[in-house]
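Asks: Just one file: query_30.cif, with mmCIF, C-alpha atoms.
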data_model
loop_
_atom_site.group_PDB
_atom_site.id
_atom_site.type_symbol
_atom_site.label_atom_id
_atom_site.label_comp_id
_atom_site.auth_asym_id
_atom_site.auth_seq_id
_atom_site.Cartn_x
_atom_site.Cartn_y
_atom_site.Cartn_z
ATOM 1 C CA MET E 17 47.697 88.970 109.491
ATOM 2 C CA SER E 18 48.570 88.376 105.836
ATOM 3 C CA ASP E 19 51.598 86.381 104.725
ATOM 4 C CA ASP E 20 53.030 89.529 103.102
ATOM 5 C CA VAL E 21 52.859 91.445 106.385
ATOM 6 C CA VAL E 22 54.456 88.558 108.291
ATOM 7 C CA SER E 23 57.277 88.319 105.735
ATOM 8 C CA ALA E 24 57.905 92.068 105.911
ATOM 9 C CA LYS E 25 57.932 91.961 109.706
ATOM 10 C CA ASN E 26 60.391 89.051 109.739
ATOM 11 C CA ALA E 27 62.649 90.846 107.267
ATOM 12 C CA THR E 28 62.644 93.949 109.480
ATOM 13 C CA ASN E 29 63.507 91.863 112.534
ATOM 14 C CA ARG E 30 66.408 90.216 110.692
ATOM 15 C CA GLN E 31 67.796 93.625 109.716
ATOM 16 C CA GLU E 32 67.544 94.905 113.300
ATOM 17 C CA THR E 33 69.145 91.811 114.834
ATOM 18 C CA PRO E 34 72.965 92.049 114.928
ATOM 19 C CA ALA E 35 74.475 89.507 112.552
ATOM 20 C CA ILE E 36 76.782 86.870 113.986
ATOM 21 C CA ASP E 37 80.254 86.939 112.434
ATOM 22 C CA MET E 38 80.851 84.067 110.019
ATOM 23 C CA LYS E 39 84.501 84.117 109.000
ATOM 24 C CA LEU E 40 85.672 81.892 106.157
ATOM 25 C CA GLU E 41 88.110 79.511 107.836
ATOM 26 C CA VAL E 42 89.068 76.725 105.420
ATOM 27 C CA VAL E 43 88.743 75.780 101.744
ATOM 28 C CA VAL E 44 89.183 72.095 100.853
ATOM 29 C CA ILE E 45 91.493 71.362 97.904
ATOM 30 C CA PRO E 46 91.156 67.939 96.226
ATOM 31 C CA VAL E 47 94.543 66.360 95.464
ATOM 32 C CA SER E 48 95.689 62.978 94.192
ATOM 33 C CA ASP E 49 99.033 62.799 96.013
ATOM 34 C CA VAL E 50 99.095 64.249 99.523
ATOM 35 C CA GLU E 51 102.878 64.252 99.906
ATOM 36 C CA ARG E 52 103.357 65.971 96.541
ATOM 37 C CA ALA E 53 100.788 68.617 97.442
ATOM 38 C CA LYS E 54 102.444 69.108 100.827
ATOM 39 C CA ARG E 55 105.813 69.727 99.170
ATOM 40 C CA PHE E 56 104.258 72.150 96.685
ATOM 41 C CA TYR E 57 102.361 74.321 99.156
ATOM 42 C CA GLY E 58 105.203 74.201 101.651
ATOM 43 C CA GLY E 59 107.503 75.312 98.832
ATOM 44 C CA LEU E 60 105.364 78.415 98.378
ATOM 45 C CA GLY E 61 106.342 79.475 101.882
ATOM 46 C CA TRP E 62 102.850 78.884 103.240
ATOM 47 C CA ARG E 63 102.615 77.984 106.928
ATOM 48 C CA LEU E 64 102.044 74.322 107.760
ATOM 49 C CA ASP E 65 99.486 74.307 110.580
ATOM 50 C CA ALA E 66 98.577 70.646 110.903
ATOM 51 C CA ASP E 67 99.083 67.151 109.508
ATOM 52 C CA PHE E 68 96.778 64.679 111.237
ATOM 53 C CA ALA E 69 96.219 61.069 110.200
ATOM 54 C CA VAL E 70 93.876 58.388 111.507
ATOM 55 C CA GLY E 71 94.944 55.038 110.095
ATOM 56 C CA ASP E 72 95.126 54.755 106.331
ATOM 57 C CA THR E 73 91.684 56.167 105.563
ATOM 58 C CA PHE E 74 91.835 59.697 106.931
ATOM 59 C CA ARG E 75 94.454 62.429 106.810
ATOM 60 C CA VAL E 76 94.125 66.205 106.816
ATOM 61 C CA VAL E 77 96.904 68.678 106.050
ATOM 62 C CA GLN E 78 96.376 72.396 106.667
ATOM 63 C CA PHE E 79 98.366 75.265 105.129
ATOM 64 C CA THR E 80 97.817 79.005 105.476
ATOM 65 C CA PRO E 81 99.060 81.555 102.908
ATOM 66 C CA GLN E 82 101.192 84.410 104.245
ATOM 67 C CA GLY E 83 98.999 87.043 105.880
ATOM 68 C CA SER E 84 95.770 85.116 105.293
ATOM 69 C CA ALA E 85 93.026 84.605 107.869
ATOM 70 C CA SER E 86 91.772 81.564 105.922
ATOM 71 C CA SER E 87 93.521 78.258 105.284
ATOM 72 C CA ILE E 88 93.339 75.267 102.950
ATOM 73 C CA HIS E 89 92.846 71.579 103.711
ATOM 74 C CA PHE E 90 93.799 68.601 101.605
ATOM 75 C CA GLY E 91 94.407 64.976 102.415
ATOM 76 C CA THR E 92 92.707 61.588 102.411
ATOM 77 C CA GLY E 93 89.043 60.898 103.127
ATOM 78 C CA ILE E 94 87.995 64.570 103.363
ATOM 79 C CA THR E 95 86.403 65.208 99.948
ATOM 80 C CA SER E 96 84.946 63.302 97.012
ATOM 81 C CA ALA E 97 85.779 66.099 94.563
ATOM 82 C CA VAL E 98 87.972 65.241 91.592
ATOM 83 C CA PRO E 99 91.624 66.262 92.089
ATOM 84 C CA GLY E 100 92.313 69.477 90.206
ATOM 85 C CA SER E 101 88.635 70.430 89.956
ATOM 86 C CA VAL E 102 88.865 73.546 92.153
ATOM 87 C CA GLN E 103 89.300 76.630 89.966
ATOM 88 C CA GLY E 104 89.357 80.382 90.529
ATOM 89 C CA LEU E 105 90.692 80.510 94.080
ATOM 90 C CA TYR E 106 91.584 84.158 94.732
ATOM 91 C CA LEU E 107 94.632 85.412 96.600
ATOM 92 C CA VAL E 108 94.783 89.166 97.236
ATOM 93 C CA VAL E 109 98.156 90.940 97.097
ATOM 94 C CA SER E 110 99.198 94.578 97.433
ATOM 95 C CA ASP E 111 101.943 94.346 94.760
ATOM 96 C CA ILE E 112 101.254 91.995 91.850
ATOM 97 C CA GLU E 113 104.736 92.225 90.342
ATOM 98 C CA ALA E 114 106.420 91.421 93.651
ATOM 99 C CA ALA E 115 104.020 88.502 94.137
ATOM 100 C CA TYR E 116 104.788 87.189 90.637
ATOM 101 C CA ALA E 117 108.528 87.439 91.293
ATOM 102 C CA GLU E 118 108.132 85.537 94.549
ATOM 103 C CA LEU E 119 106.181 82.735 92.858
ATOM 104 C CA VAL E 120 108.826 82.380 90.167
ATOM 105 C CA ALA E 121 111.555 82.352 92.831
ATOM 106 C CA HIS E 122 109.759 79.392 94.437
ATOM 107 C CA GLY E 123 109.835 77.543 91.110
ATOM 108 C CA VAL E 124 106.151 78.080 90.301
ATOM 109 C CA ASP E 125 105.102 78.339 86.654
ATOM 110 C CA ALA E 126 103.028 81.509 87.095
ATOM 111 C CA THR E 127 101.418 83.315 84.180
ATOM 112 C CA GLU E 128 102.785 86.705 83.164
ATOM 113 C CA VAL E 129 101.227 89.669 84.929
ATOM 114 C CA SER E 130 98.294 91.121 82.988
ATOM 115 C CA TYR E 131 95.477 93.573 83.568
ATOM 116 C CA ARG E 132 91.951 94.235 82.413
ATOM 117 C CA THR E 133 90.325 97.611 81.894
ATOM 118 C CA GLY E 134 87.091 96.259 83.354
ATOM 119 C CA PRO E 135 85.104 93.083 84.112
ATOM 120 C CA GLY E 136 84.895 90.809 81.071
ATOM 121 C CA GLN E 137 87.459 92.803 79.114
ATOM 122 C CA PRO E 138 90.413 91.091 77.389
ATOM 123 C CA ALA E 139 93.692 90.715 79.255
ATOM 124 C CA ILE E 140 96.527 93.127 78.420
ATOM 125 C CA LYS E 141 100.155 92.276 79.170
ATOM 126 C CA GLY E 142 101.646 94.011 82.201
ATOM 127 C CA ARG E 143 100.320 95.624 85.355
ATOM 128 C CA ASP E 144 97.609 98.254 85.099
ATOM 129 C CA PRO E 145 99.614 101.440 84.370
ATOM 130 C CA GLU E 146 97.297 103.412 86.683
ATOM 131 C CA ARG E 147 97.679 100.828 89.495
ATOM 132 C CA ARG E 148 93.899 100.628 89.882
ATOM 133 C CA SER E 149 92.709 98.074 92.404
ATOM 134 C CA TYR E 150 91.100 94.821 91.181
ATOM 135 C CA ASN E 151 92.577 95.161 87.651
ATOM 136 C CA SER E 152 95.966 93.351 87.703
ATOM 137 C CA PHE E 153 96.456 89.577 87.896
ATOM 138 C CA THR E 154 98.734 86.585 87.706
ATOM 139 C CA SER E 155 97.845 82.929 88.223
ATOM 140 C CA PHE E 156 99.267 79.470 88.857
ATOM 141 C CA LYS E 157 98.183 75.860 89.326
ATOM 142 C CA ASP E 158 99.206 73.220 91.815
ATOM 143 C CA PRO E 159 100.473 69.814 90.569
ATOM 144 C CA ASP E 160 96.885 68.504 90.284
ATOM 145 C CA GLY E 161 95.636 71.523 88.343
ATOM 146 C CA ASN E 162 93.774 73.346 91.116
ATOM 147 C CA ALA E 163 93.932 76.952 89.911
ATOM 148 C CA TRP E 164 94.832 80.053 91.904
ATOM 149 C CA LEU E 165 94.392 83.658 90.786
ATOM 150 C CA LEU E 166 96.335 86.507 92.376
ATOM 151 C CA GLN E 167 94.667 89.926 92.237
ATOM 152 C CA GLU E 168 96.246 93.247 93.182
ATOM 153 C CA ILE E 169 94.045 95.227 95.588
ATOM 154 C CA THR E 170 95.179 98.334 97.455
ATOM 155 C CA THR E 171 91.872 100.185 97.801
ATOM 156 C CA ARG E 172 88.655 98.314 98.545
ATOM 157 C CA LEU E 173 85.307 99.176 97.050
ATOM 158 C CA PRO E 174 83.074 101.162 99.440
ATOM 159 C CA GLY E 175 81.375 99.004 102.040
ATOM 160 C CA ARG E 176 83.662 96.017 101.528
ATOM 161 C CA VAL E 177 85.670 96.479 104.724
ATOM 162 C CA ASP E 178 84.553 97.315 108.259
ATOM 163 C CA ALA E 179 85.721 100.589 109.759
ATOM 164 C CA ALA E 180 88.516 98.825 111.659
ATOM 165 C CA THR E 181 91.780 98.930 109.697
ATOM 166 C CA THR E 182 94.202 96.027 109.943
ATOM 167 C CA PHE E 183 97.376 94.910 108.201
ATOM 168 C CA ALA E 184 98.185 91.224 108.184
ATOM 169 C CA THR E 185 101.956 91.544 107.668
ATOM 170 C CA SER E 186 104.727 94.117 107.977
ATOM 171 C CA VAL E 187 105.154 93.980 104.201
ATOM 172 C CA GLU E 188 101.499 94.941 103.695
ATOM 173 C CA LEU E 189 101.832 97.809 106.194
ATOM 174 C CA GLU E 190 105.047 99.023 104.546
ATOM 175 C CA ALA E 191 103.368 99.095 101.133
ATOM 176 C CA ALA E 192 100.445 101.084 102.561
ATOM 177 C CA LEU E 193 102.852 103.565 104.151
ATOM 178 C CA ARG E 194 104.691 104.028 100.859
ATOM 179 C CA ARG E 195 101.433 104.750 99.009
ATOM 180 C CA ALA E 196 100.433 107.218 101.721
ATOM 181 C CA ALA E 197 103.853 108.869 101.519
ATOM 182 C CA ALA E 198 103.576 109.302 97.753
ATOM 183 C CA ALA E 199 100.067 110.748 98.042
ATOM 184 C CA HIS E 200 101.189 113.052 100.864
ATOM 185 C CA GLY E 201 104.024 114.328 98.700
ATOM 186 C CA GLU E 202 101.465 115.430 96.123
ATOM 187 C CA HIS E 203 99.410 116.950 98.937
ATOM 188 C CA GLU E 204 102.396 119.092 100.011
ATOM 189 C CA LYS E 205 103.027 120.161 96.424
ATOM 190 C CA ARG E 206 99.479 121.466 96.242
ATOM 191 C CA ARG E 207 100.229 123.449 99.393
ATOM 192 C CA GLY E 208 103.061 125.199 97.561
ATOM 193 C CA GLY E 209 105.748 122.926 98.968
ATOM 194 C CA GLU E 210 104.939 123.876 102.557
ATOM 195 C CA ARG E 211 105.818 121.129 105.038
ATOM 196 C CA ASP E 212 102.750 119.552 106.621
ATOM 197 C CA GLU E 213 103.481 119.269 110.342
ATOM 198 C CA ASN E 214 100.350 117.173 110.791
ATOM 199 C CA TRP E 215 101.543 114.476 108.392
ATOM 200 C CA PRO E 216 100.902 111.609 110.870
ATOM 201 C CA ASP E 217 97.209 112.562 110.973
ATOM 202 C CA TRP E 218 97.124 112.803 107.183
ATOM 203 C CA TYR E 219 98.834 109.405 106.781
ATOM 204 C CA ALA E 220 96.415 107.783 109.212
ATOM 205 C CA GLY E 221 93.368 109.236 107.487
ATOM 206 C CA TYR E 222 94.657 108.208 104.078
ATOM 207 C CA MET E 223 95.445 104.633 105.089
ATOM 208 C CA VAL E 224 92.097 104.081 106.792
ATOM 209 C CA ALA E 225 90.198 105.605 103.859
ATOM 210 C CA GLU E 226 92.154 103.504 101.361
ATOM 211 C CA GLN E 227 91.497 100.229 103.127
ATOM 212 C CA THR E 228 87.820 100.883 103.817
ATOM 213 C CA GLY E 229 86.985 102.246 100.380
ATOM 214 C CA GLN E 230 86.248 105.806 101.505
ATOM 215 C CA PRO E 231 87.161 108.944 99.470
ATOM 216 C CA LEU E 232 90.910 109.566 99.739
ATOM 217 C CA PRO E 233 92.115 112.854 101.217
ATOM 218 C CA THR E 234 93.822 115.308 98.872
#
Let me see whether you can do it: turn the structure in this file into structure tokens.
Replies:
Amino acid sequence: MSDDVVSAKNATNRQETPAIDMKLEVVVIPVSDVERAKRFYGGLGWRLDADFAVGDTFRVVQFTPQGSASSIHFGTGITSAVPGSVQGLYLVVSDIEAAYAELVAHGVDATEVSYRTGPGQPAIKGRDPERRSYNSFTSFKDPDGNAWLLQEITTRLPGRVDAATTFATSVELEAALRRAAAAHGEHEKRRGGERDENWPDWYAGYMVAEQTGQPLPT
């Protein structure tokens, strides 16, 4: 059997074999002052999960952003990376202006909200006037210079989310309900103002389609 046939057969077998879930759990952040970093990330309102030390040579601190399934680690003896060298860490939010206001309220020097009309395009001041997903941003740095970017996403690109729909926080669910309510209002207008008695079904279909990147109902 030729190598090409073997490779094709192996590729087919890999596609047919169910993939094992590999969920991103932790990202390591290099810092120069553990206590300062702990005060900063705690000041953001992030959840402190752990602070373990073994003598003077090892310490790991874990924080988790609100609503996130992944966490960050920093400490002593856990990375050789230069403090401040981690750039472009993404945080996804459903309302970029509310997220910016919350950062400022916590004393963070966040950049003004801006948007881009497409990948690689110049930044324009303010939130995308059409509220398109993936287009609006703000950013901040921790005391060492590790850089975080917040991106507003309400509708995922097709295929980016499994069929199961989940909301990490009540705030995220409330925002999704408000978007569904606004869209449903337009739906009723198109029906001549007739009340839609099946609005719960419509809401549910809209919210699932929005989160999984499927065509939205009209």
Asks: Compile the contact shell of region 191-207 of chain E as a PDB file with C-alpha atoms, in the coordinates of the input: residues with an atom at most 10 Å away, counting all atoms listed in the file, same-chain residues fewer than 4 positions apart removed.
Replies:
ATOM      1  CA  SER E 110      99.198  94.578  97.433  1.00  0.00           C
ATOM      2  CA  ASP E 111     101.943  94.346  94.760  1.00  0.00           C
ATOM      3  CA  THR E 170      95.179  98.334  97.455  1.00  0.00           C
ATOM      4  CA  THR E 171      91.872 100.185  97.801  1.00  0.00           C
ATOM      5  CA  PHE E 183      97.376  94.910 108.201  1.00  0.00           C
ATOM      6  CA  SER E 186     104.727  94.117 107.977  1.00  0.00           C
ATOM      7  CA  VAL E 187     105.154  93.980 104.201  1.00  0.00           C
ATOM      8  CA  ARG E 211     105.818 121.129 105.038  1.00  0.00           C
ATOM      9  CA  ASP E 212     102.750 119.552 106.621  1.00  0.00           C
ATOM     10  CA  TRP E 215     101.543 114.476 108.392  1.00  0.00           C
ATOM     11  CA  TRP E 218      97.124 112.803 107.183  1.00  0.00           C
ATOM     12  CA  TYR E 219      98.834 109.405 106.781  1.00  0.00           C
ATOM     13  CA  ALA E 220      96.415 107.783 109.212  1.00  0.00           C
ATOM     14  CA  GLY E 221      93.368 109.236 107.487  1.00  0.00           C
ATOM     15  CA  TYR E 222      94.657 108.208 104.078  1.00  0.00           C
ATOM     16  CA  MET E 223      95.445 104.633 105.089  1.00  0.00           C
ATOM     17  CA  VAL E 224      92.097 104.081 106.792  1.00  0.00           C
ATOM     18  CA  GLU E 226      92.154 103.504 101.361  1.00  0.00           C
ATOM     19  CA  GLN E 227      91.497 100.229 103.127  1.00  0.00           C
ATOM     20  CA  LEU E 232      90.910 109.566  99.739  1.00  0.00           C
ATOM     21  CA  PRO E 233      92.115 112.854 101.217  1.00  0.00           C
ATOM     22  CA  THR E 234      93.822 115.308  98.872  1.00  0.00           C
TER      23      THR E 234
END
Asks: For a quick check of understanding, using only C-alpha atoms, which of E:Gly93, E:Gly229, E:Gly83, E:Gly71 has the smallest distance to Leu173 (chain E)?
Replies: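 Nearest to Leu173 (chain E): E:Gly229.
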Asks: Would you kindly translate the PyMOL selection byres ((chain E and resi 42) around 8) into the concrete residues it picks from this file, as a short mmCIF file (atom, residue, chain, number, x, y, z; two decimals) with C-alpha atoms, keeping the file's coordinate frame?
Replies:
data_model
loop_
_atom_site.label_atom_id
_atom_site.label_comp_id
_atom_site.auth_asym_id
_atom_site.auth_seq_id
_atom_site.Cartn_x
_atom_site.Cartn_y
_atom_site.Cartn_z
CA LEU E 40 85.67 81.89 106.16
CA GLU E 41 88.11 79.51 107.84
CA VAL E 43 88.74 75.78 101.74
CA VAL E 44 89.18 72.10 100.85
CA SER E 86 91.77 81.56 105.92
CA SER E 87 93.52 78.26 105.28
CA ILE E 88 93.34 75.27 102.95
CA HIS E 89 92.85 71.58 103.71
#
Asks: Could you please give me, as an mmCIF file with C-alpha atoms, in the frame of the given file, the residues of protein, DNA or RNA lying at most 12 Å from (105.3, 70.3, 94.4) in the coordinate frame of the file, considering all atoms listed in the file?
Replies:
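And here is the file that came out, result.cif:
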data_model
loop_
_atom_site.group_PDB
_atom_site.id
_atom_site.type_symbol
_atom_site.label_atom_id
_atom_site.label_comp_id
_atom_site.auth_asym_id
_atom_site.auth_seq_id
_atom_site.Cartn_x
_atom_site.Cartn_y
_atom_site.Cartn_z
ATOM 1 C CA VAL E 47 94.543 66.360 95.464
ATOM 2 C CA ASP E 49 99.033 62.799 96.013
ATOM 3 C CA VAL E 50 99.095 64.249 99.523
ATOM 4 C CA GLU E 51 102.878 64.252 99.906
ATOM 5 C CA ARG E 52 103.357 65.971 96.541
ATOM 6 C CA ALA E 53 100.788 68.617 97.442
ATOM 7 C CA LYS E 54 102.444 69.108 100.827
ATOM 8 C CA ARG E 55 105.813 69.727 99.170
ATOM 9 C CA PHE E 56 104.258 72.150 96.685
ATOM 10 C CA TYR E 57 102.361 74.321 99.156
ATOM 11 C CA GLY E 58 105.203 74.201 101.651
ATOM 12 C CA GLY E 59 107.503 75.312 98.832
ATOM 13 C CA LEU E 60 105.364 78.415 98.378
ATOM 14 C CA GLY E 61 106.342 79.475 101.882
ATOM 15 C CA HIS E 122 109.759 79.392 94.437
ATOM 16 C CA GLY E 123 109.835 77.543 91.110
ATOM 17 C CA VAL E 124 106.151 78.080 90.301
ATOM 18 C CA ASP E 125 105.102 78.339 86.654
ATOM 19 C CA LYS E 157 98.183 75.860 89.326
ATOM 20 C CA ASP E 158 99.206 73.220 91.815
ATOM 21 C CA PRO E 159 100.473 69.814 90.569
ATOM 22 C CA ASP E 160 96.885 68.504 90.284
ATOM 23 C CA GLY E 161 95.636 71.523 88.343
#
Asks: I'd like the interatomic distance between CA of Ala114 (chain E) and CA of Ile169 (chain E), to a tenth of an Å.
Replies: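 Answer for the CA of Ala114 (chain E) to CA of Ile169 (chain E) separation: 13.1 Å.
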Asks: Please provide the set of residues having any atom within 7 Å of Val77 (chain E), restricted to all atoms listed in the file, with same-chain residues fewer than 2 positions apart removed, written as an NGL selection string.
Replies: :E and (66-68 or 75 or 79 or 89-91)
Asks: CA of Ala121 (chain E) and CA of Ile140 (chain E), how far apart in Å?
Replies: 23.4 Å
Asks: Any idea what the distance is between CA of Phe74 (chain E) and CA of Ile94 (chain E)?
Replies: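 These two atoms are separated by 7.2 Å.
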